[in-house]
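**Q** Before I ask anything, here is the structure I am working with.
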Amino acid sequence: MQLADPDRHHFIVECRLEEPARRQSFSLPSWIPGSYLLREFARHIVAIEARDDRGPVAIEQTGKATWVAEAAAGPLVVQATIHAFDLSVRGAYFDRHRAFFNGTSLFLLPEGRTEEPVELMLIPPAHAKEWRVATAMAAADVDESGFGRYRAADYDELLDHPVEIGDYREVEFTAGGVPHRFVVAGNFDADLERVATDLAQLCATQIDFFGGKAPFPGYTFLGLATGDGYGGLEHRASSSLIFRRSDLPKAGVADVSRDYQRFLGLASHEYFHSWHIKRSKPAAFMPYPLDRRAHTRLLWVFEGITSYYQERFLLRSGLLGAEAHLRRICEVLTRVYRVPGRHRQTLEQSSFNAWDRLYKPDPNSVNRDVSYYSKGALTALALDLTLRSAEPQRATLDDVVLELWRRFGSQDVGLPEAGFEDLVAELAGDEMRAFFARAVRDTADLDLGALLARFGLKLEFRQAENPRDTGGTPPKLESPRLSLGAGFEPHGAGIRLTAVYDGQPAEAAGLAPGDIIVALDRIGVTSDKIADRLARYDDGDEIVVSYFRGDELMDTRLRIAEAPRDTCYLLFDADAEPAATARRAAWLGESPD
């Protein structure tokens, strides 16, 4: 494989078969495990050709991502030139400053050869002699910069080791007796030694949770620091992370800032996936059908529970205290309560339809859909609290996740669609099936307030104080805020509506996403002034909204209303019964009073 042309962003990838079939078929995956959208990586192929010892061999495209090469005399080589300019964790990227790729974007699969060992040869670029290679793939014969031959047991493993190439920075640490690396590309200024110390605590705590033995011989975090990015993708012995450069701590700063918490939560999430989705996984993913959708109703089990445990392990590792932990949980809950679509789409439906809903959002998604990440985390919280407060207590969510690992993940067995619910019923009693009927197959809100009260906590709701308010803290404002009932963003002429919420004033006034509001009661409005303008009115006042739809200027009358109380926070209940405070202490890992 060659890093051929950084200015055109071209990789040249050759697939060599010593003994090809008479008419050898090849394909490229349509999606990458962990990101449930048909991305059709074949669309990035610029050119494809084949040759053997005698010269060119005819090769014909037979489908959207399939090709057939005619009979070859001896070894067959298929060469693909692939454009790579996807600055995300899911694809491939190449320019003068950096290269990164996932195998799903580049590596052709010869039909019938999925189980065979693979060798990958990485050829260094001509334009950057100082570049190095970072990957968790097993090296066979590489130079001091990491270029050379790598080995994978089969095609699936070849795809599951992303590769970072460039002039990155890195730091090493050990967790659970296993070597780890944190590799960071991009322009940033950070205390990487502190990050290594904190990641070592976090990773060791997760390894201990799963029995003290890591499921990999080593682990690599591949990071990219940007101005405004966030996301991750899990792999069997590594993860790809993209985050804001401000999320990393600077030297001499001792506190765990909100930005740094954001990074640690991302790393915790992807690392937990090493057990909980890479190995414990739905039966529908064994094996991954990479040419088509793989529907399952269990994504909430793996992504939602992981979203819950990413926070639990920031607490258990000692990186965050109880108050910060509860605040971050409330931020997740707030994301759920702000989505009207939670009353239309069940958690099972959210999981099943991820391919065409969650990963293809549109302006009405907020009214139609709910995320299996955030609502799944809410449901995991409710399930854990329900199990912990049962009389008698038979199991906790910890017990369920560990038993899932023992029976399925560690045994390389896929989880049936009803398997998680069956496992909980087995461990905690058949009456738990009623919980799943409400939480997973219904759209009514769970009574989290009552559950949290059993743990000496009060769940409170307030209005958002500004568009950047993520919840988790008590209110600061005393007077009620008024709202248009729409999401918006700045626009040169005013504000552009990004979402119109079900049952809210903007919807009743006939406004729609994409409309550009330029005036309220004939006075111009901007995103930084709208809160002050709305504060001049009273609940129920009717105002004239002037807006552009396309190039037409229109007016409508809107009856303004108080902003919904959809922002939550938690308080310790000073009057809680001793049993409740004991439960809370056990859940938060505190010493009882």
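Ligands are numbered from 1 in the order shown, residues from 1 within each chain, and chains are lettered A, B, ... in the order they appear in the structure tokens.
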Using only C-alpha atoms, which residues sit within 10 Å of Glu157 of chain A once same-chain residues fewer than 4 positions away are excluded, as a list in words?

**A**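 The contact residues come out as Gly103, Thr114, Glu115, Pro117, Val118, Met137, Arg151, Ala152, Ala153, His161, His235 and Arg236 of chain A.
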
**Q** Could you save the residues just selected, with N, CA, C and O atoms, as a short mmCIF file (atom, residue, chain, number, x, y, z; two decimals), in the first residue's frame?

**A**
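What follows is the written file selection14.cif:
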data_model
loop_
_atom_site.label_atom_id
_atom_site.label_comp_id
_atom_site.auth_asym_id
_atom_site.auth_seq_id
_atom_site.Cartn_x
_atom_site.Cartn_y
_atom_site.Cartn_z
N GLY A 103 -9.48 0.02 7.44
CA GLY A 103 -9.38 -0.94 6.36
C GLY A 103 -10.64 -1.05 5.52
O GLY A 103 -10.57 -1.38 4.33
N THR A 114 -12.08 -14.95 3.13
CA THR A 114 -12.22 -14.17 4.36
C THR A 114 -11.45 -14.76 5.54
O THR A 114 -11.05 -14.03 6.44
N GLU A 115 -11.27 -16.07 5.55
CA GLU A 115 -10.65 -16.74 6.71
C GLU A 115 -9.14 -16.87 6.59
O GLU A 115 -8.49 -17.34 7.52
N PRO A 117 -5.08 -15.89 6.36
CA PRO A 117 -4.18 -14.86 6.89
C PRO A 117 -3.84 -13.82 5.83
O PRO A 117 -3.84 -14.09 4.63
N VAL A 118 -3.56 -12.60 6.30
CA VAL A 118 -3.30 -11.47 5.41
C VAL A 118 -2.01 -10.80 5.84
O VAL A 118 -1.72 -10.67 7.03
N MET A 137 -2.18 -3.23 14.93
CA MET A 137 -1.97 -4.42 14.11
C MET A 137 -0.60 -5.02 14.41
O MET A 137 0.37 -4.30 14.67
N ARG A 151 0.76 -8.20 9.93
CA ARG A 151 0.02 -9.44 9.74
C ARG A 151 -1.33 -9.38 10.45
O ARG A 151 -1.44 -8.81 11.54
N ALA A 152 -2.32 -9.99 9.82
CA ALA A 152 -3.64 -10.16 10.43
C ALA A 152 -4.08 -11.59 10.21
O ALA A 152 -3.78 -12.20 9.17
N ALA A 153 -4.79 -12.15 11.18
CA ALA A 153 -5.20 -13.56 11.10
C ALA A 153 -6.20 -13.79 9.98
O ALA A 153 -6.26 -14.89 9.41
N HIS A 161 -8.12 -2.76 12.58
CA HIS A 161 -6.95 -2.06 13.12
C HIS A 161 -6.74 -0.77 12.34
O HIS A 161 -6.04 -0.76 11.33
N HIS A 235 -12.48 -0.46 18.31
CA HIS A 235 -11.88 -1.58 17.59
C HIS A 235 -11.39 -2.60 18.61
O HIS A 235 -11.41 -2.36 19.81
N ARG A 236 -10.95 -3.76 18.15
CA ARG A 236 -10.64 -4.86 19.08
C ARG A 236 -9.46 -4.57 20.00
O ARG A 236 -9.42 -5.08 21.12
#

**Q** Between A:Ile48, A:Ala140, A:Leu520, A:Val13, which one has atoms that come closest to Phe107 of chain A, using only C-alpha atoms?

**A**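 Smallest distance to Phe107 of chain A is found for A:Val13.
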
**Q** Considering only C-alpha atoms, return as a PyMOL selection string whatever protein or nucleic-acid residues lie within 10 Å of Arg293 of chain A, sequence-local ones (same chain, fewer than 6 positions apart) excluded.

**A** chain A and resi 30-31+36-38+284+354-356

**Q** Neighbours of Ser371 of chain A within 10 Å (only C-alpha atoms; same-chain residues fewer than 2 positions away dropped), as a PDB file with C-alpha atoms, in the first residue's frame?

**A**
ATOM      1  CA  TRP A 300     -29.387   0.378  23.068  1.00  0.00           C
ATOM      2  CA  GLU A 303     -24.343   1.792  23.129  1.00  0.00           C
ATOM      3  CA  GLY A 304     -26.752   2.933  25.855  1.00  0.00           C
ATOM      4  CA  ARG A 335     -30.604  15.538  26.193  1.00  0.00           C
ATOM      5  CA  VAL A 336     -33.404  12.964  26.360  1.00  0.00           C
ATOM      6  CA  VAL A 339     -36.365  15.544  22.469  1.00  0.00           C
ATOM      7  CA  GLY A 341     -39.366  12.260  19.579  1.00  0.00           C
ATOM      8  CA  ARG A 342     -38.946  10.160  22.718  1.00  0.00           C
ATOM      9  CA  GLN A 345     -40.084   6.182  18.903  1.00  0.00           C
ATOM     10  CA  THR A 346     -39.342   3.327  21.284  1.00  0.00           C
ATOM     11  CA  LEU A 347     -35.838   2.332  22.262  1.00  0.00           C
ATOM     12  CA  SER A 350     -34.425   3.508  17.637  1.00  0.00           C
ATOM     13  CA  SER A 351     -31.969   0.599  17.607  1.00  0.00           C
ATOM     14  CA  ALA A 354     -30.475   3.412  13.235  1.00  0.00           C
ATOM     15  CA  ARG A 357     -32.890   7.425  11.159  1.00  0.00           C
ATOM     16  CA  LEU A 358     -30.168   8.172  13.723  1.00  0.00           C
ATOM     17  CA  TYR A 359     -27.384   8.312  11.144  1.00  0.00           C
ATOM     18  CA  SER A 365     -35.677  14.114  13.662  1.00  0.00           C
ATOM     19  CA  VAL A 366     -36.053  15.812  17.046  1.00  0.00           C
ATOM     20  CA  ASP A 369     -36.722   9.978  16.911  1.00  0.00           C
ATOM     21  CA  TYR A 373     -27.200   6.364  23.126  1.00  0.00           C
ATOM     22  CA  SER A 374     -28.818   8.914  25.442  1.00  0.00           C
ATOM     23  CA  LYS A 375     -32.163   7.181  26.053  1.00  0.00           C
ATOM     24  CA  GLY A 376     -30.259   3.915  26.328  1.00  0.00           C
ATOM     25  CA  ALA A 377     -28.097   5.467  29.055  1.00  0.00           C
TER      26      ALA A 377
END
